[in-house]
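So the structure is just underneath, and the comments pick up after that.
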Amino acid sequence: GAVLILLVGSERRARWIALAATVATLAVSVPLYRYFDKASSALQFVESREWIPSWNVTYGMGVDGISLPFIFLSSVLSVLCIGASWSAIQSRAREFYAALLVAETAMIGLFAASNLFLFYIFWELMIVPLFLLIGGWGGPGRVYAAVKFLLFTLAGSVLMLVGMVALYHTFGTLDFRALAQVGPSLQPGHQAWLFGAFLAAFAVKVPMFPVHTWLPDAHTEAPTAGSVILAGILLKMGGYGLFRGCATLFPEALLEYQWLLLTIGMVSLVYGSFVCLGQTNLKRLVAFSSVSHMGIILLGIATMEPLGFAGAIFMMFAHGI
């Protein structure tokens, strides 16, 4: 859809192509709920193709109970983003809608990726359209907000890349299921370092206190569709990463530093709530309330209990809605 929009010369057609692409994606995602086997914890709707044999990397997609609600959420919110931008975006509409569709591609790709290599590619891909949306169609302070978002996100991503390389060097695979089996066998010291590297990337995206300061600026300056993606999906990518990358791969390290996550979660919860009281801008209010709500989600994940996990997933989906 994004490529087609860039090929057509009409901005009016670009709007309709974007709407058709997002509605079609939503239509495809609806049957996932109908045919998903809720009694199974296995990866379902699996698609796997050999991609980079020398690195033991496959193009692997699949859905489980954690990723299912967020794929559906991404599809629903993308349709709403097109609707919210229909008459609001008049300049460079083709580029705007193409960026939105690339963002949706990255969101769904990240939630469906079955290996860490693909996960990282979509994690980085998500930065590009959001940077363009904020910097190209945002408010008066859009350049500052876009660059701040870029620098914060890239700083965390570099550390995750280091951790990913270390995992591949140790185990020779980046498949999530395989890593979940062997990851806990790492020495406690190695687990702690890798846990810290992945936590740094996910903390920025959640965002946790004190690396949350990019969100109010980006949220305020972004166009409406950008704000919806930021609050509705981007923050959930951080929470989803905590499930996939920290709780699953490094459970012992998470238990050891449970006190740290609980503390950060409680500080984010209370701090975000109190800062909301002083806001007069609705978008900043939503941004700081999101910091507070994500603090609750972090508390749920940090419990390392099934009920806490279920509550965190429910809260992430509810916050997106």
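Convention: chains lettered A, B, ... in structure tokens order; per-chain residue numbering from 1; ligands numbered from 1 as shown.
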
Determine, counting only C-alpha atoms, which protein, DNA and RNA residues have an atom within 12 Å of an atom of Leu26 in chain A; residues of the same chain fewer than 4 positions away are not included. Present the result as a list of chain:residue names.
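So the residues in contact are A:Leu19, A:Ala20, A:Ala21, A:Thr22, A:Val30, A:Pro31, A:Leu32, A:Tyr33, A:Ile71, A:Phe72, A:Leu73, A:Ser74, A:Ser75, A:Val76, A:Leu77, A:Ser78, A:Val79, A:Leu80, A:Glu104, A:Ile108.
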
Would you export the selected residues with N, CA, C and O atoms as a PDB file, in the first residue's frame, please?
ATOM      1  N   LEU A  19      -6.759   4.029   3.045  1.00  0.00           N
ATOM      2  CA  LEU A  19      -7.938   3.500   3.733  1.00  0.00           C
ATOM      3  C   LEU A  19      -8.191   2.056   3.335  1.00  0.00           C
ATOM      4  O   LEU A  19      -8.457   1.199   4.196  1.00  0.00           O
ATOM      5  N   ALA A  20      -8.104   1.764   2.028  1.00  0.00           N
ATOM      6  CA  ALA A  20      -8.331   0.398   1.554  1.00  0.00           C
ATOM      7  C   ALA A  20      -7.301  -0.570   2.138  1.00  0.00           C
ATOM      8  O   ALA A  20      -7.643  -1.689   2.548  1.00  0.00           O
ATOM      9  N   ALA A  21      -6.040  -0.138   2.217  1.00  0.00           N
ATOM     10  CA  ALA A  21      -4.975  -1.007   2.742  1.00  0.00           C
ATOM     11  C   ALA A  21      -5.185  -1.318   4.219  1.00  0.00           C
ATOM     12  O   ALA A  21      -5.031  -2.463   4.659  1.00  0.00           O
ATOM     13  N   THR A  22      -5.551  -0.285   4.994  1.00  0.00           N
ATOM     14  CA  THR A  22      -5.744  -0.506   6.439  1.00  0.00           C
ATOM     15  C   THR A  22      -7.007  -1.331   6.719  1.00  0.00           C
ATOM     16  O   THR A  22      -7.010  -2.187   7.605  1.00  0.00           O
ATOM     17  N   VAL A  30      -9.020 -10.028  11.648  1.00  0.00           N
ATOM     18  CA  VAL A  30     -10.204 -10.464  12.403  1.00  0.00           C
ATOM     19  C   VAL A  30     -10.279 -11.988  12.538  1.00  0.00           C
ATOM     20  O   VAL A  30     -10.531 -12.503  13.635  1.00  0.00           O
ATOM     21  N   PRO A  31     -10.059 -12.759  11.448  1.00  0.00           N
ATOM     22  CA  PRO A  31     -10.128 -14.224  11.595  1.00  0.00           C
ATOM     23  C   PRO A  31      -9.099 -14.809  12.558  1.00  0.00           C
ATOM     24  O   PRO A  31      -9.259 -15.955  12.998  1.00  0.00           O
ATOM     25  N   LEU A  32      -8.029 -14.060  12.863  1.00  0.00           N
ATOM     26  CA  LEU A  32      -7.054 -14.566  13.838  1.00  0.00           C
ATOM     27  C   LEU A  32      -7.744 -14.896  15.160  1.00  0.00           C
ATOM     28  O   LEU A  32      -7.449 -15.904  15.798  1.00  0.00           O
ATOM     29  N   TYR A  33      -8.668 -14.037  15.574  1.00  0.00           N
ATOM     30  CA  TYR A  33      -9.392 -14.289  16.823  1.00  0.00           C
ATOM     31  C   TYR A  33     -10.304 -15.501  16.700  1.00  0.00           C
ATOM     32  O   TYR A  33     -10.414 -16.311  17.620  1.00  0.00           O
ATOM     33  N   ILE A  71      -1.642  -7.274  17.609  1.00  0.00           N
ATOM     34  CA  ILE A  71      -1.786  -7.247  16.158  1.00  0.00           C
ATOM     35  C   ILE A  71      -3.158  -6.695  15.797  1.00  0.00           C
ATOM     36  O   ILE A  71      -3.302  -5.848  14.908  1.00  0.00           O
ATOM     37  N   PHE A  72      -4.171  -7.161  16.510  1.00  0.00           N
ATOM     38  CA  PHE A  72      -5.529  -6.673  16.261  1.00  0.00           C
ATOM     39  C   PHE A  72      -5.642  -5.188  16.597  1.00  0.00           C
ATOM     40  O   PHE A  72      -6.251  -4.404  15.858  1.00  0.00           O
ATOM     41  N   LEU A  73      -5.042  -4.779  17.711  1.00  0.00           N
ATOM     42  CA  LEU A  73      -5.065  -3.381  18.127  1.00  0.00           C
ATOM     43  C   LEU A  73      -4.391  -2.490  17.077  1.00  0.00           C
ATOM     44  O   LEU A  73      -4.902  -1.406  16.751  1.00  0.00           O
ATOM     45  N   SER A  74      -3.255  -2.944  16.546  1.00  0.00           N
ATOM     46  CA  SER A  74      -2.555  -2.174  15.512  1.00  0.00           C
ATOM     47  C   SER A  74      -3.433  -1.986  14.279  1.00  0.00           C
ATOM     48  O   SER A  74      -3.468  -0.899  13.685  1.00  0.00           O
ATOM     49  N   SER A  75      -4.158  -3.031  13.898  1.00  0.00           N
ATOM     50  CA  SER A  75      -5.017  -2.959  12.719  1.00  0.00           C
ATOM     51  C   SER A  75      -6.173  -1.990  12.930  1.00  0.00           C
ATOM     52  O   SER A  75      -6.508  -1.200  12.035  1.00  0.00           O
ATOM     53  N   VAL A  76      -6.782  -2.043  14.113  1.00  0.00           N
ATOM     54  CA  VAL A  76      -7.921  -1.164  14.410  1.00  0.00           C
ATOM     55  C   VAL A  76      -7.485   0.299  14.441  1.00  0.00           C
ATOM     56  O   VAL A  76      -8.102   1.170  13.812  1.00  0.00           O
ATOM     57  N   LEU A  77      -6.402   0.585  15.166  1.00  0.00           N
ATOM     58  CA  LEU A  77      -5.973   1.976  15.326  1.00  0.00           C
ATOM     59  C   LEU A  77      -5.467   2.571  14.013  1.00  0.00           C
ATOM     60  O   LEU A  77      -5.587   3.777  13.790  1.00  0.00           O
ATOM     61  N   SER A  78      -4.919   1.733  13.140  1.00  0.00           N
ATOM     62  CA  SER A  78      -4.437   2.249  11.855  1.00  0.00           C
ATOM     63  C   SER A  78      -5.592   2.770  11.006  1.00  0.00           C
ATOM     64  O   SER A  78      -5.470   3.806  10.336  1.00  0.00           O
ATOM     65  N   VAL A  79      -6.719   2.071  11.032  1.00  0.00           N
ATOM     66  CA  VAL A  79      -7.903   2.548  10.304  1.00  0.00           C
ATOM     67  C   VAL A  79      -8.362   3.888  10.882  1.00  0.00           C
ATOM     68  O   VAL A  79      -8.690   4.828  10.144  1.00  0.00           O
ATOM     69  N   LEU A  80      -8.363   3.991  12.206  1.00  0.00           N
ATOM     70  CA  LEU A  80      -8.786   5.240  12.855  1.00  0.00           C
ATOM     71  C   LEU A  80      -7.826   6.380  12.540  1.00  0.00           C
ATOM     72  O   LEU A  80      -8.243   7.532  12.404  1.00  0.00           O
ATOM     73  N   GLU A 104       2.430   0.937  10.225  1.00  0.00           N
ATOM     74  CA  GLU A 104       1.582  -0.226  10.512  1.00  0.00           C
ATOM     75  C   GLU A 104       2.310  -1.526  10.179  1.00  0.00           C
ATOM     76  O   GLU A 104       2.215  -2.518  10.905  1.00  0.00           O
ATOM     77  N   ILE A 108       2.888  -4.467  13.099  1.00  0.00           N
ATOM     78  CA  ILE A 108       2.411  -5.849  12.983  1.00  0.00           C
ATOM     79  C   ILE A 108       3.591  -6.805  12.828  1.00  0.00           C
ATOM     80  O   ILE A 108       3.596  -7.903  13.404  1.00  0.00           O
TER      81      ILE A 108
END

Could you name the residues that touch Ala145 in chain A at 7 Å or less, counting only C-alpha atoms, but leaving out those on the same chain fewer than 2 positions away, as a VMD selection string?
chain A and resid 141 to 143 147 to 149 217 to 218 221

CA of Thr213 in chain A and CA of Ala103 in chain A are how many Å apart?
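Result for CA of Thr213 in chain A versus CA of Ala103 in chain A: 22.0 Å, one decimal.
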
Minimum-distance residue to His219 in chain A, chosen among A:Phe117, A:Phe198, A:Phe314, A:Phe288 (using only C-alpha atoms):
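Residue with the minimum atom-to-atom distance to His219 in chain A: A:Phe288.
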
In terms of the shortest atom-to-atom distance over only C-alpha atoms, which of A:Arg34, A:Arg94, A:Lys205, A:Arg244 is closest to Gly9 in chain A?
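That would be A:Arg94, the residue with the smallest distance to Gly9 in chain A.
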
Contacts of Phe96 in chain A at 12 Å or less, counting only C-alpha atoms, minus same-chain residues fewer than 3 places along, as a ChimeraX atom specification?
/A:2,5-6,11,14-15,18,81-82,85-86,88-93,99-103,129-138,223,225-226

Nearest candidate to Leu298 in chain A (options A:Tyr144, A:Tyr240, A:Phe250, A:Tyr271; using only C-alpha atoms)
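Under the stated criterion, the closest residue is A:Tyr240.
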
DSSP-assigned alpha helix (DSSP H) members of range 150-214 of chain A, reported as an MDAnalysis selection string:
chainID A and resid 150:171 176:182 188:205 214

Closest to Leu43 in chain A among A:Trp123, A:Phe70, A:Phe176, A:Tyr168, using only C-alpha atoms?
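Looking only at the distances to Leu43 in chain A, the closest residue turns out to be A:Phe176.
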
Take CA of Gly311 in chain A and CA of Ser273 in chain A and report the distance between them in Å, one decimal.
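A separation of 19.6 Å between them.
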
I want to know what sits within 12 Å of Ser157 in chain A, based on only C-alpha atoms, with residues of the same chain fewer than 5 positions away left out; could you give that as a PyMOL selection string?
chain A and resi 119-127+150-152+162-164+197-205+238+241
